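Student: Got a structure for you, written out below as structure tokens; questions coming shortly.
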Amino acid sequence: MTKYSVVQKFKDKETGKIYDIGDSYPANSKKARIKELLDDDHEGRDSRLSGKAIISEIEDTSNTPKTKKATKKEVKADDDTTRD
């Protein structure tokens, strides 16, 4: 699932909620609203927020497979300290 992070503090005109830099923006918002916030500018945006995106897409790493921790048996087998 795509996730979004706030890069400029703003008050959402649709919900009235204030978002600070670093906050997560809900990915289940309307696609058109997300597009407006990802764009550098759109009609009705406060001039102080013009020229830059308000949110950015962040990579979702929750689907990345976790590395398996080696068992004691595997660690012992990998140990190269043999006696001659």
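Simple scheme: letters A, B, ... for chains in structure tokens order, numbers from 1 for residues in each chain, numbers from 1 for ligands in the order shown.
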Identify, with DSSP run on backbone atoms, the residues in region 6-41 of chain A assigned to alpha helix (DSSP H), and express the list as a count of residues only.
Tutor: 8
Student: List the spatial neighbours of region 21-31 of chain A as number ranges by chain - criterion: any atom at most 9 Å away, only C-alpha atoms, same-chain residues fewer than 6 positions off excluded.
Tutor: A: 1-10, 55
Student: So which residues touch Arg45 (chain A) within 10 Å, counting only C-alpha atoms, skipping near sequence neighbours fewer than 5 positions away, as a ChimeraX atom specification?
Tutor: /A:13,36-37,40,50-51
Student: Could you check the closest approach to Tyr19 (chain A) for each of A:Glu59, A:Ala32, A:Asp41, A:Ile54 and tell me which residue wins, using only C-alpha atoms?
Tutor: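 Going through A:Glu59, A:Ala32, A:Asp41, A:Ile54 one by one, the smallest distance to Tyr19 (chain A) is for A:Ile54.
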